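Just final_34.cif here, mmCIF, C-alpha atoms:
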```
data_upload
#
loop_
_atom_site.label_atom_id
_atom_site.label_comp_id
_atom_site.auth_asym_id
_atom_site.auth_seq_id
_atom_site.Cartn_x
_atom_site.Cartn_y
_atom_site.Cartn_z
CA MET A 261 2.38 17.29 15.47
CA LEU A 262 0.64 14.34 13.76
CA LEU A 263 -2.35 16.45 12.77
CA ILE A 264 -0.08 19.17 11.40
CA SER A 265 2.01 16.74 9.35
CA VAL A 266 -1.14 15.07 7.97
CA LEU A 267 -2.60 18.44 6.99
CA ILE A 268 0.66 19.51 5.35
CA SER A 269 0.87 16.23 3.39
CA PHE A 270 -2.69 16.67 2.13
CA LEU A 271 -2.38 20.35 1.21
CA LEU A 272 1.06 19.94 -0.36
CA THR A 273 -0.13 17.06 -2.52
CA CYS A 274 -3.06 19.18 -3.71
CA LEU A 275 -0.72 22.11 -4.37
CA LEU A 276 1.72 19.94 -6.30
CA ILE A 277 -1.09 18.58 -8.46
CA TRP A 278 -2.15 22.15 -9.26
CA ILE A 279 1.45 23.21 -10.04
CA LEU A 280 2.47 20.10 -11.99
CA THR A 281 -0.63 19.91 -14.20
CA PRO A 282 0.45 22.69 -16.62
CA VAL A 283 4.04 21.39 -16.45
CA ALA A 284 2.84 17.95 -17.56
CA HIS A 285 1.06 19.50 -20.53
CA LYS A 286 4.21 21.41 -21.44
CA ILE A 287 6.54 18.41 -21.31
CA LYS A 288 3.92 16.07 -22.82
CA LEU A 289 3.70 13.80 -19.77
CA LEU A 290 0.15 12.93 -20.74
CA ASP A 291 -2.09 9.92 -21.17
CA LYS A 292 -3.66 10.30 -24.59
CA PRO A 293 -6.95 8.65 -25.58
CA GLY A 294 -7.01 6.05 -28.32
CA GLY A 295 -6.91 2.30 -28.72
CA ARG A 296 -7.76 0.68 -25.38
CA LYS A 297 -7.74 4.07 -23.62
CA LYS A 298 -11.26 5.48 -23.63
CA HIS A 299 -10.92 8.71 -21.63
CA HIS A 300 -11.52 12.19 -23.06
CA GLY A 301 -8.62 14.54 -23.69
CA ASN A 302 -4.97 14.40 -22.63
CA ILE A 303 -4.67 13.66 -18.90
CA PRO A 304 -1.54 14.62 -16.90
CA LEU A 305 0.31 11.65 -15.36
CA ILE A 306 1.55 13.47 -12.26
CA GLY A 307 -0.42 11.85 -9.43
CA GLY A 308 2.45 9.58 -8.43
CA VAL A 309 4.98 12.41 -8.18
CA ALA A 310 2.59 14.51 -6.11
CA MET A 311 1.85 11.66 -3.69
CA TYR A 312 5.52 10.74 -3.32
CA LEU A 313 6.63 14.29 -2.53
CA GLY A 314 3.64 14.91 -0.27
CA LEU A 315 4.48 11.78 1.73
CA LEU A 316 8.19 12.65 1.88
CA VAL A 317 7.53 16.13 3.28
CA GLY A 318 4.95 14.74 5.70
CA ILE A 319 7.52 12.30 7.08
CA LEU A 320 10.07 15.09 7.50
CA VAL A 321 7.57 17.42 9.21
CA SER A 322 6.39 14.66 11.57
CA GLY A 323 9.79 14.74 13.26
CA ASP A 324 10.34 10.98 12.97
CA GLY A 325 13.00 11.45 10.30
CA ILE A 326 13.48 9.31 7.22
CA GLY A 327 15.67 6.68 8.87
CA ASP A 328 12.93 4.06 9.18
CA PHE A 329 11.69 4.87 5.67
CA LYS A 330 15.00 5.24 3.84
CA GLY A 331 14.65 2.06 1.80
CA LEU A 332 11.00 2.75 1.00
CA LEU A 333 11.71 6.27 -0.22
CA VAL A 334 14.75 5.28 -2.29
CA ALA A 335 12.98 2.26 -3.82
CA GLY A 336 9.80 4.28 -4.38
CA GLY A 337 11.81 7.00 -6.11
CA ILE A 338 13.37 4.45 -8.44
CA LEU A 339 9.97 3.03 -9.40
CA LEU A 340 8.60 6.53 -9.88
CA VAL A 341 11.42 7.44 -12.29
CA VAL A 342 11.25 4.15 -14.22
CA GLY A 343 7.45 4.32 -14.38
CA THR A 344 7.56 7.89 -15.64
CA ILE A 345 10.01 6.89 -18.36
CA ASP A 346 7.63 4.04 -19.19
CA ASP A 347 4.80 6.55 -19.52
CA TYR A 348 6.93 8.39 -22.10
CA VAL A 349 8.44 5.59 -24.19
CA ASP A 350 6.57 2.38 -23.22
CA LEU A 351 9.38 0.26 -21.77
CA ARG A 352 9.52 -3.50 -22.12
CA ALA A 353 7.92 -5.52 -19.34
CA SER A 354 11.35 -6.93 -18.47
CA ALA A 355 12.69 -3.44 -17.69
CA ARG A 356 9.79 -2.75 -15.33
CA PHE A 357 10.29 -6.10 -13.62
CA LEU A 358 13.98 -5.44 -13.08
CA ALA A 359 13.12 -2.11 -11.48
CA GLN A 360 10.51 -3.77 -9.27
CA ILE A 361 12.94 -6.48 -8.16
CA LEU A 362 15.59 -3.84 -7.40
CA ALA A 363 13.06 -1.84 -5.39
CA ALA A 364 12.04 -4.97 -3.46
CA LEU A 365 15.67 -5.81 -2.70
CA ILE A 366 16.23 -2.30 -1.37
CA VAL A 367 13.34 -2.39 1.10
CA VAL A 368 14.38 -5.89 2.22
CA PHE A 369 18.03 -5.10 2.89
CA VAL A 370 17.79 -1.42 3.86
CA ASP A 371 14.55 -1.35 5.86
CA GLY A 372 14.49 -5.00 6.91
CA THR A 373 11.03 -5.34 5.37
CA GLU A 374 10.96 -9.11 4.99
CA LEU A 375 8.42 -11.91 5.32
CA LEU A 376 9.99 -14.25 7.86
CA ASP A 377 6.86 -16.30 8.48
CA LEU A 378 3.33 -16.76 7.12
CA GLY A 379 1.62 -17.28 10.46
CA ASN A 380 -0.25 -20.42 11.46
CA LEU A 381 -1.83 -21.10 8.07
CA PHE A 382 -2.37 -24.84 8.48
CA GLY A 383 -3.03 -25.19 12.20
CA ALA A 384 0.29 -26.94 12.81
CA GLY A 385 2.25 -23.96 14.09
CA THR A 386 3.87 -20.92 12.52
CA VAL A 387 5.08 -21.46 8.95
CA GLU A 388 8.68 -20.22 9.04
CA LEU A 389 10.24 -19.29 5.70
CA HIS A 390 13.91 -19.49 6.81
CA TRP A 391 16.27 -19.39 3.78
CA PHE A 392 13.32 -18.95 1.43
CA SER A 393 12.17 -15.72 3.11
CA THR A 394 14.00 -13.24 0.85
CA ILE A 395 12.84 -14.91 -2.37
CA PHE A 396 9.28 -15.18 -1.08
CA THR A 397 9.34 -11.52 -0.03
CA LEU A 398 10.53 -10.42 -3.48
CA VAL A 399 7.72 -12.36 -5.13
CA ALA A 400 5.17 -10.92 -2.70
CA ILE A 401 6.31 -7.31 -3.18
CA VAL A 402 6.46 -7.59 -6.98
CA GLY A 403 3.04 -9.27 -6.87
CA VAL A 404 1.45 -6.44 -4.89
CA ILE A 405 3.07 -3.84 -7.17
CA ASN A 406 1.60 -5.49 -10.27
CA ALA A 407 -1.79 -6.10 -8.64
CA THR A 408 -1.98 -2.39 -7.88
CA ASN A 409 -0.87 -1.50 -11.39
CA MET A 410 -3.46 -3.83 -12.94
CA SER A 411 -6.23 -2.33 -10.80
CA ASP A 412 -5.52 1.12 -12.27
CA GLY A 413 -8.12 0.75 -15.01
CA LEU A 414 -10.86 3.21 -14.03
CA ASP A 415 -10.97 6.70 -12.59
CA GLY A 416 -10.36 6.38 -8.86
CA LEU A 417 -10.17 2.58 -8.76
CA ALA A 418 -6.54 1.88 -7.80
CA GLY A 419 -6.45 4.80 -5.39
CA GLY A 420 -9.82 3.90 -3.91
CA LEU A 421 -8.87 0.26 -3.30
CA ALA A 422 -5.54 1.31 -1.77
CA PHE A 423 -7.36 3.83 0.44
CA VAL A 424 -9.59 1.03 1.79
CA SER A 425 -6.61 -1.21 2.54
CA VAL A 426 -4.60 1.47 4.35
CA SER A 427 -7.67 2.59 6.31
CA ALA A 428 -8.21 -1.00 7.46
CA LEU A 429 -4.59 -1.21 8.58
CA LEU A 430 -4.96 2.06 10.49
CA ILE A 431 -7.96 0.64 12.37
CA ALA A 432 -5.90 -2.44 13.23
CA ALA A 433 -3.05 -0.18 14.38
CA PHE A 434 -5.35 1.74 16.72
CA VAL A 435 -6.70 -1.50 18.17
CA ALA A 436 -3.16 -2.80 18.71
CA LYS A 437 -1.93 0.63 19.90
CA ALA A 438 0.92 0.44 17.38
CA THR A 439 2.38 3.94 17.68
CA ASP A 440 4.66 3.79 14.62
CA MET A 441 1.85 2.87 12.24
CA ILE A 442 -0.58 5.27 13.92
CA HIS A 443 1.89 8.05 13.04
CA PHE A 444 2.69 6.87 9.51
CA LEU A 445 -0.53 5.55 7.98
CA PRO A 446 -2.47 8.85 8.31
CA LEU A 447 0.20 10.45 6.11
CA VAL A 448 -0.39 7.79 3.46
CA ILE A 449 -4.15 8.30 3.72
CA ALA A 450 -3.72 12.08 3.41
CA VAL A 451 -1.75 11.96 0.15
CA MET A 452 -4.11 9.35 -1.33
CA ALA A 453 -7.14 11.44 -0.36
CA ALA A 454 -5.62 14.47 -2.06
CA PHE A 455 -4.97 12.43 -5.21
CA LEU A 456 -8.50 11.02 -5.24
CA LEU A 457 -9.96 14.54 -5.11
CA PHE A 458 -8.60 15.00 -8.64
CA ASN A 459 -8.90 11.41 -9.85
CA MET A 460 -12.19 9.97 -8.58
CA ARG A 461 -15.45 10.93 -10.27
CA SER A 462 -17.97 12.88 -8.21
CA SER A 463 -20.82 15.32 -8.63
CA ILE A 464 -18.20 18.06 -8.88
CA LEU A 465 -15.66 16.14 -10.97
CA PRO A 466 -17.36 14.33 -13.89
CA GLU A 467 -14.06 12.83 -15.07
CA ALA A 468 -10.53 12.49 -13.71
CA ARG A 469 -8.30 15.54 -14.01
CA ILE A 470 -5.09 13.56 -13.38
CA PHE A 471 -3.84 9.97 -13.44
CA MET A 472 -1.14 8.46 -11.24
CA GLY A 473 0.70 6.94 -14.22
CA ASN A 474 2.76 3.75 -14.18
CA GLY A 475 5.27 5.38 -11.86
CA GLY A 476 2.51 6.27 -9.42
CA SER A 477 0.85 2.86 -9.49
CA MET A 478 4.17 1.06 -8.96
CA PHE A 479 5.11 3.39 -6.10
CA LEU A 480 1.68 2.93 -4.53
CA GLY A 481 1.99 -0.86 -4.87
CA LEU A 482 5.41 -0.82 -3.21
CA LEU A 483 4.04 1.37 -0.43
CA LEU A 484 1.17 -1.06 0.18
CA ALA A 485 3.50 -4.07 0.21
CA TRP A 486 5.79 -2.26 2.65
CA VAL A 487 3.04 -1.46 5.16
CA PHE A 488 1.52 -4.95 4.84
CA ILE A 489 4.82 -6.65 5.66
CA GLN A 490 5.73 -4.19 8.39
CA SER A 491 2.29 -4.72 9.96
CA ALA A 492 2.27 -8.53 9.71
CA GLN A 493 5.77 -9.44 10.95
CA GLY A 494 7.63 -9.35 14.24
CA ASP A 495 6.60 -9.82 17.85
CA ASP A 496 4.59 -6.58 17.84
CA ARG A 497 2.68 -7.32 14.60
CA ILE A 498 -0.73 -5.68 14.36
CA ILE A 499 -2.23 -8.16 11.87
CA THR A 500 -1.51 -11.72 10.78
CA PRO A 501 -0.24 -12.44 7.25
CA VAL A 502 -3.58 -14.00 6.30
CA THR A 503 -5.37 -10.84 7.48
CA ALA A 504 -3.29 -8.91 4.97
CA LEU A 505 -4.73 -11.15 2.25
CA TRP A 506 -8.26 -10.17 3.27
CA VAL A 507 -7.41 -6.49 3.50
CA PHE A 508 -5.99 -6.55 -0.05
CA ALA A 509 -8.24 -9.36 -1.30
CA LEU A 510 -9.91 -7.86 -4.36
CA PRO A 511 -6.77 -6.75 -6.26
CA ILE A 512 -5.08 -10.07 -5.44
CA LEU A 513 -8.06 -12.17 -6.54
CA ASP A 514 -8.55 -10.22 -9.74
CA THR A 515 -4.86 -10.25 -10.69
CA VAL A 516 -4.21 -13.92 -9.94
CA CYS A 517 -7.40 -15.06 -11.67
CA ILE A 518 -6.81 -12.98 -14.78
CA MET A 519 -3.19 -14.18 -15.07
CA ILE A 520 -4.19 -17.84 -14.70
CA ARG A 521 -6.88 -17.41 -17.36
CA ARG A 522 -4.38 -15.80 -19.75
CA ILE A 523 -1.92 -18.67 -19.25
CA ILE A 524 -4.68 -21.25 -19.84
CA LYS A 525 -5.50 -19.48 -23.10
CA GLY A 526 -1.85 -19.67 -24.14
CA ARG A 527 -1.22 -15.94 -23.76
CA SER A 528 1.30 -13.98 -21.76
CA PRO A 529 0.04 -13.44 -18.17
CA PHE A 530 0.91 -9.76 -18.60
CA ALA A 531 -0.82 -9.25 -21.95
CA PRO A 532 -3.49 -6.53 -21.58
CA ASP A 533 -7.13 -7.43 -22.13
CA ARG A 534 -10.60 -6.38 -21.04
CA GLU A 535 -11.54 -9.32 -18.81
CA HIS A 536 -11.04 -7.80 -15.36
CA PHE A 537 -13.92 -7.60 -12.91
CA HIS A 538 -14.40 -3.90 -13.63
CA HIS A 539 -14.69 -4.66 -17.35
CA ILE A 540 -17.44 -7.17 -16.60
CA LEU A 541 -19.29 -4.53 -14.59
CA LEU A 542 -18.96 -2.07 -17.46
CA VAL A 543 -20.37 -4.57 -19.96
CA ALA A 544 -23.20 -5.27 -17.51
CA GLY A 545 -24.25 -1.65 -17.83
CA TYR A 546 -22.62 0.01 -14.84
CA SER A 547 -21.09 3.45 -15.27
CA VAL A 548 -17.44 4.04 -14.42
CA LYS A 549 -18.46 5.74 -11.17
CA GLN A 550 -20.78 2.87 -10.23
CA CYS A 551 -18.10 0.27 -11.04
CA VAL A 552 -15.59 2.00 -8.80
CA TRP A 553 -17.98 2.27 -5.86
CA VAL A 554 -19.14 -1.33 -6.24
CA MET A 555 -15.55 -2.54 -6.13
CA ILE A 556 -14.65 -0.25 -3.23
CA GLY A 557 -17.68 -1.59 -1.38
CA VAL A 558 -16.62 -5.19 -2.00
CA ALA A 559 -13.06 -4.42 -0.92
CA ALA A 560 -14.29 -2.69 2.24
CA PHE A 561 -16.54 -5.65 3.08
CA LEU A 562 -13.67 -8.14 2.70
CA SER A 563 -11.41 -5.90 4.81
CA VAL A 564 -14.03 -5.76 7.55
CA VAL A 565 -14.34 -9.56 7.46
CA GLY A 566 -10.57 -9.80 7.90
CA LEU A 567 -10.50 -7.33 10.79
CA ILE A 568 -13.44 -8.91 12.60
CA SER A 569 -11.88 -12.36 12.21
CA LEU A 570 -8.59 -11.02 13.57
CA ASN A 571 -10.15 -9.37 16.61
CA ALA A 572 -12.38 -12.41 17.25
CA ASN A 573 -9.20 -14.52 17.31
CA LEU A 574 -10.54 -16.89 14.68
CA PRO A 575 -7.97 -19.55 13.74
CA GLU A 576 -5.66 -18.38 10.98
CA GLN A 577 -6.14 -21.65 9.12
CA LEU A 578 -9.89 -20.98 9.04
CA MET A 579 -9.29 -17.54 7.55
CA PHE A 580 -6.92 -19.08 5.01
CA ILE A 581 -9.46 -21.74 4.02
CA GLY A 582 -12.03 -18.98 3.65
CA MET A 583 -9.67 -17.09 1.32
CA LEU A 584 -9.10 -20.23 -0.79
CA PHE A 585 -12.86 -20.74 -1.04
CA LEU A 586 -13.27 -17.11 -2.05
CA PHE A 587 -10.59 -17.54 -4.73
CA ILE A 588 -12.36 -20.60 -6.18
CA LEU A 589 -15.67 -18.74 -6.21
CA TYR A 590 -14.10 -15.67 -7.82
CA PHE A 591 -12.30 -17.75 -10.46
CA TRP A 592 -15.51 -19.56 -11.33
CA GLY A 593 -17.37 -16.26 -11.62
CA MET A 594 -14.71 -14.72 -13.87
CA SER A 595 -14.66 -17.88 -16.01
CA HIS A 596 -18.45 -17.71 -16.41
CA ALA A 597 -18.75 -13.96 -16.78
CA TRP A 598 -21.84 -14.20 -18.99
CA ARG A 599 -23.74 -15.92 -16.17
CA VAL A 600 -22.57 -13.34 -13.67
CA MET A 601 -23.68 -10.53 -15.98
CA LYS A 602 -27.18 -11.99 -16.15
CA VAL A 603 -27.42 -11.56 -12.40
CA ILE A 604 -25.84 -8.13 -12.05
CA ARG A 605 -26.89 -6.52 -15.35
CA LEU A 606 -28.51 -3.08 -15.19
CA ASP A 607 -31.44 -2.20 -17.44
CA ASN A 608 -30.13 1.27 -18.21
CA LYS A 609 -27.02 0.09 -20.00
CA LYS A 610 -24.81 2.93 -21.22
CA PRO A 611 -21.42 2.81 -22.89
CA ALA A 612 -18.66 3.68 -20.45
CA THR A 613 -16.38 6.61 -21.13
CA GLY A 614 -13.48 8.13 -19.24
CA HIS A 615 -10.51 6.28 -17.82
CA VAL A 616 -11.31 2.79 -19.05
CA ASP A 617 -8.07 0.92 -19.57
CA SER A 618 -7.07 -2.71 -20.05
CA GLN A 619 -4.17 -4.06 -18.03
#
```
structure tokens encoding of this file:
Amino acid sequence: MLLISVLISFLLTCLLIWILTPVAHKIKLLDKPGGRKKHHGNIPLIGGVAMYLGLLVGILVSGDGIGDFKGLLVAGGILLVVGTIDDYVDLRASARFLAQILAALIVVFVDGTELLDLGNLFGAGTVELHWFSTIFTLVAIVGVINATNMSDGLDGLAGGLAFVSVSALLIAAFVAKATDMIHFLPLVIAVMAAFLLFNMRSSILPEARIFMGNGGSMFLGLLLAWVFIQSAQGDDRIITPVTALWVFALPILDTVCIMIRRIIKGRSPFAPDREHFHHILLVAGYSVKQCVWVMIGVAAFLSVVGLISLNANLPEQLMFIGMLFLFILYFWGMSHAWRVMKVIRLDNKKPATGHVDSQ
């Protein structure tokens, strides 16, 4: 049954993309080039809708029912609708934040998806959150949503990074023999793989045919936050909270660093710019396709480090210290981008085209 539901999720997502593409052109649900958007032509913003519906049907076909996913699906639907409206009329940041907070509250109180502890981060026992758990969970979920949204700057980047994270969690689930996640995560991987077929550049696809849109990136971020928390809490957890940081390290590092740098410069932490890691790679002469694969490779490496550390039973405080060191190193590198570019620059520098956005 699992194989059938995975196959249906994949094929349905592909079918929905094919069906919704002309619909998007008709109703003008398109990402148009111009300004900070460097892609060619009008690109349909239907990836999020296709992934959401593909996952929903996959859950129904799997026979598990939607009971355990009720909050996720309702909250995801809200973000999808609000994000789609945002794609049309460019909502204020406050409106998006309210929707994200509402979505986070729904998964906390309907699904019980809540961070109750942070593991043994400091070597003095489990860090219990107690009364602060709900607030901390809301911040964490909204943070992951926005980190995912900010990583959606190149063809295939947000989806590729999310694919790496979910694949790492699936490996951890198999090791821990966590049946629920072994049944659910392949559905997530299936819909993301279908989306990436039409979004990631390849020898067959020179540029993206579709984008996920703000609704899609917010839904995907919520989905990631949901599986991270579900996997890292409870007596039958399959990873520790600090492992989740390693599995999702690159989007977190990039988002936190870029927001701190904006604040230091006296700007809004949410003001778009072109100072993300992928922008540095582009300036250094990498093509869009090369940038995406470099970042996916880095994300995969960090995920592997997290999984190996978990299975080797390395102290959680050691993994946390390693993450702090990595953050300092990353922040220094982003603050001295010109030095980094001297090291990584390619000789065959070409101007990047395609989905090159600033978040």
- [ ] Return the single residue from A:Lys330, A:His443, A:Arg461, A:Arg356 that is closest to Val368 (chain A), with distances computed using all atoms listed in the file.
- [x] A:Lys330
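One finds CA of Leu305 (chain A) at 10.5 Å from CA of Val283 (chain A).
In terms of minimum interatomic distance to Leu414 (chain A), A:Ser547 ranks closest within A:Asn380, A:Ser547, A:Thr515, A:Ser265, counting all atoms listed in the file.
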Open item on the list: When you look at Ala335 (chain A) with a cut-off of 7 Å (counting only C-alpha atoms), what residues show up, excluding the ones that are within fewer than 6 positions of it in the same chain? I need them as a PyMOL selection string.
Closed with: chain A and resi 363+366-367
Write out as a short mmCIF file (atom, residue, chain, number, x, y, z; two decimals) with C-alpha atoms, in the frame of the given file which residues come within 10 Å of Ala559 (chain A) when counting all atoms listed in the file, dropping same-chain ones fewer than 5 positions away.
```cif
data_model
loop_
_atom_site.label_atom_id
_atom_site.label_comp_id
_atom_site.auth_asym_id
_atom_site.auth_seq_id
_atom_site.Cartn_x
_atom_site.Cartn_y
_atom_site.Cartn_z
CA GLY A 420 -9.82 3.90 -3.91
CA LEU A 421 -8.87 0.26 -3.30
CA ALA A 422 -5.54 1.31 -1.77
CA VAL A 424 -9.59 1.03 1.79
CA SER A 425 -6.61 -1.21 2.54
CA TRP A 506 -8.26 -10.17 3.27
CA VAL A 507 -7.41 -6.49 3.50
CA PHE A 508 -5.99 -6.55 -0.05
CA ALA A 509 -8.24 -9.36 -1.30
CA LEU A 510 -9.91 -7.86 -4.36
CA PRO A 511 -6.77 -6.75 -6.26
CA TRP A 553 -17.98 2.27 -5.86
CA VAL A 554 -19.14 -1.33 -6.24
CA VAL A 564 -14.03 -5.76 7.55
CA VAL A 565 -14.34 -9.56 7.46
#
```
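With CA of Phe591 (chain A) on one side and CA of His536 (chain A) on the other, the separation reads 11.2 Å.
Taking CA of Ala432 (chain A) and CA of Leu340 (chain A) as the two end points, the separation is 28.7 Å.
With distances restricted to all atoms listed in the file, A:Gly318 is the closest residue to Ser269 (chain A) from A:Gly473, A:Gly318, A:Gly379, A:Gly403.
Residue nearest Leu505 (chain A) within the list A:Leu567, A:Ile464, A:Val552, A:Leu542: A:Leu567 [criterion: smallest interatomic distance, only C-alpha atoms].
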Task: Explicit residues for the PyMOL selection byres ((chain A and resi 494) around 12) (as a list in words) - done: Gly372, Thr373, Glu374, Leu375, Leu376, Asp377, Leu378, Gly379, Ile489, Gln490, Ser491, Ala492, Gln493, Asp495, Asp496, Arg497, Ile498, Ile499, Thr500 and Pro501 of chain A
Residue subset to file, keeping C-alpha atoms, as a PDB file, in the frame of the given file:
```pdb
ATOM      1  CA  GLY A 372      14.490  -5.000   6.910  1.00  0.00           C
ATOM      2  CA  THR A 373      11.030  -5.340   5.370  1.00  0.00           C
ATOM      3  CA  GLU A 374      10.960  -9.110   4.990  1.00  0.00           C
ATOM      4  CA  LEU A 375       8.420 -11.910   5.320  1.00  0.00           C
ATOM      5  CA  LEU A 376       9.990 -14.250   7.860  1.00  0.00           C
ATOM      6  CA  ASP A 377       6.860 -16.300   8.480  1.00  0.00           C
ATOM      7  CA  LEU A 378       3.330 -16.760   7.120  1.00  0.00           C
ATOM      8  CA  GLY A 379       1.620 -17.280  10.460  1.00  0.00           C
ATOM      9  CA  ILE A 489       4.820  -6.650   5.660  1.00  0.00           C
ATOM     10  CA  GLN A 490       5.730  -4.190   8.390  1.00  0.00           C
ATOM     11  CA  SER A 491       2.290  -4.720   9.960  1.00  0.00           C
ATOM     12  CA  ALA A 492       2.270  -8.530   9.710  1.00  0.00           C
ATOM     13  CA  GLN A 493       5.770  -9.440  10.950  1.00  0.00           C
ATOM     14  CA  ASP A 495       6.600  -9.820  17.850  1.00  0.00           C
ATOM     15  CA  ASP A 496       4.590  -6.580  17.840  1.00  0.00           C
ATOM     16  CA  ARG A 497       2.680  -7.320  14.600  1.00  0.00           C
ATOM     17  CA  ILE A 498      -0.730  -5.680  14.360  1.00  0.00           C
ATOM     18  CA  ILE A 499      -2.230  -8.160  11.870  1.00  0.00           C
ATOM     19  CA  THR A 500      -1.510 -11.720  10.780  1.00  0.00           C
ATOM     20  CA  PRO A 501      -0.240 -12.440   7.250  1.00  0.00           C
TER      21      PRO A 501
END
```
Check which residues of region 382-422 of chain A sit at most 12 Å from region 572-584 of chain A using only C-alpha atoms, and return one row each with the closest pair of atoms and their distance in Å to one decimal, ordered by chain and rising number, as a tab-separated table.
```
residue	atom	partner	partner_atom	distance
A:Phe382	CA	A:Gln577	CA	5.0
A:Gly383	CA	A:Gln577	CA	5.6
A:Ala384	CA	A:Gln577	CA	9.1
A:Gly385	CA	A:Gln577	CA	10.0
A:Thr386	CA	A:Glu576	CA	10.0
A:Val387	CA	A:Gln577	CA	11.2
```
Selection in question (the file shown): the PyMOL selection byres ((chain A and resi 353) around 12). Which residues does it include, as a PDB file with C-alpha atoms, in the frame of the given file?
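Once everything was written out, this is result-v2.pdb:
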```pdb
ATOM      1  CA  VAL A 342      11.250   4.150 -14.220  1.00  0.00           C
ATOM      2  CA  GLY A 343       7.450   4.320 -14.380  1.00  0.00           C
ATOM      3  CA  ASP A 346       7.630   4.040 -19.190  1.00  0.00           C
ATOM      4  CA  ASP A 350       6.570   2.380 -23.220  1.00  0.00           C
ATOM      5  CA  LEU A 351       9.380   0.260 -21.770  1.00  0.00           C
ATOM      6  CA  ARG A 352       9.520  -3.500 -22.120  1.00  0.00           C
ATOM      7  CA  SER A 354      11.350  -6.930 -18.470  1.00  0.00           C
ATOM      8  CA  ALA A 355      12.690  -3.440 -17.690  1.00  0.00           C
ATOM      9  CA  ARG A 356       9.790  -2.750 -15.330  1.00  0.00           C
ATOM     10  CA  PHE A 357      10.290  -6.100 -13.620  1.00  0.00           C
ATOM     11  CA  LEU A 358      13.980  -5.440 -13.080  1.00  0.00           C
ATOM     12  CA  ALA A 359      13.120  -2.110 -11.480  1.00  0.00           C
ATOM     13  CA  GLN A 360      10.510  -3.770  -9.270  1.00  0.00           C
ATOM     14  CA  ASN A 406       1.600  -5.490 -10.270  1.00  0.00           C
ATOM     15  CA  ASN A 474       2.760   3.750 -14.180  1.00  0.00           C
ATOM     16  CA  SER A 528       1.300 -13.980 -21.760  1.00  0.00           C
ATOM     17  CA  PRO A 529       0.040 -13.440 -18.170  1.00  0.00           C
ATOM     18  CA  PHE A 530       0.910  -9.760 -18.600  1.00  0.00           C
ATOM     19  CA  ALA A 531      -0.820  -9.250 -21.950  1.00  0.00           C
ATOM     20  CA  PRO A 532      -3.490  -6.530 -21.580  1.00  0.00           C
TER      21      PRO A 532
END
```
Expansion of the PyMOL selection byres ((chain A and resi 446) around 9) into residues, as a PDB file with C-alpha atoms, in the frame of the given file:
```
ATOM      1  CA  LEU A 262       0.640  14.340  13.760  1.00  0.00           C
ATOM      2  CA  LEU A 263      -2.350  16.450  12.770  1.00  0.00           C
ATOM      3  CA  VAL A 266      -1.140  15.070   7.970  1.00  0.00           C
ATOM      4  CA  VAL A 426      -4.600   1.470   4.350  1.00  0.00           C
ATOM      5  CA  SER A 427      -7.670   2.590   6.310  1.00  0.00           C
ATOM      6  CA  LEU A 430      -4.960   2.060  10.490  1.00  0.00           C
ATOM      7  CA  MET A 441       1.850   2.870  12.240  1.00  0.00           C
ATOM      8  CA  ILE A 442      -0.580   5.270  13.920  1.00  0.00           C
ATOM      9  CA  HIS A 443       1.890   8.050  13.040  1.00  0.00           C
ATOM     10  CA  PHE A 444       2.690   6.870   9.510  1.00  0.00           C
ATOM     11  CA  LEU A 445      -0.530   5.550   7.980  1.00  0.00           C
ATOM     12  CA  LEU A 447       0.200  10.450   6.110  1.00  0.00           C
ATOM     13  CA  VAL A 448      -0.390   7.790   3.460  1.00  0.00           C
ATOM     14  CA  ILE A 449      -4.150   8.300   3.720  1.00  0.00           C
ATOM     15  CA  ALA A 450      -3.720  12.080   3.410  1.00  0.00           C
ATOM     16  CA  VAL A 451      -1.750  11.960   0.150  1.00  0.00           C
TER      17      VAL A 451
END
```
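Using only C-alpha atoms, the nearest neighbour of Met261 (chain A) within the list A:Leu320, A:Leu465, A:Leu482, A:Leu586 is A:Leu320.
Within 10 Å of the point (-5.9, 16.2, -13.9), counting all atoms listed in the file, the protein and nucleic acid residues come to Ile277, Trp278, Leu280, Thr281, Pro282, Ala284, Leu290, Asn302, Ile303, Pro304, Leu305, Ile306, Gly307, Phe455, Leu457, Phe458, Asn459, Glu467, Ala468, Arg469, Ile470, Phe471 and Met472 of chain A.
With only C-alpha atoms as the atoms that count, the residue of A:Ala364, A:Ile512, A:Leu480, A:Ala504 with the shortest distance to Ser569 (chain A) is A:Ala504.
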Could you put an axis-aligned box around every listed atom of region 322-339 of chain A, padded by 8 Å on each side, and send me its centre and edge lengths in Å to one decimal, as AutoDock Vina command-line options?
```
--center_x 11.0 --center_y 8.4 --center_z 1.9 --size_x 25.3 --size_y 28.7 --size_z 38.7
```
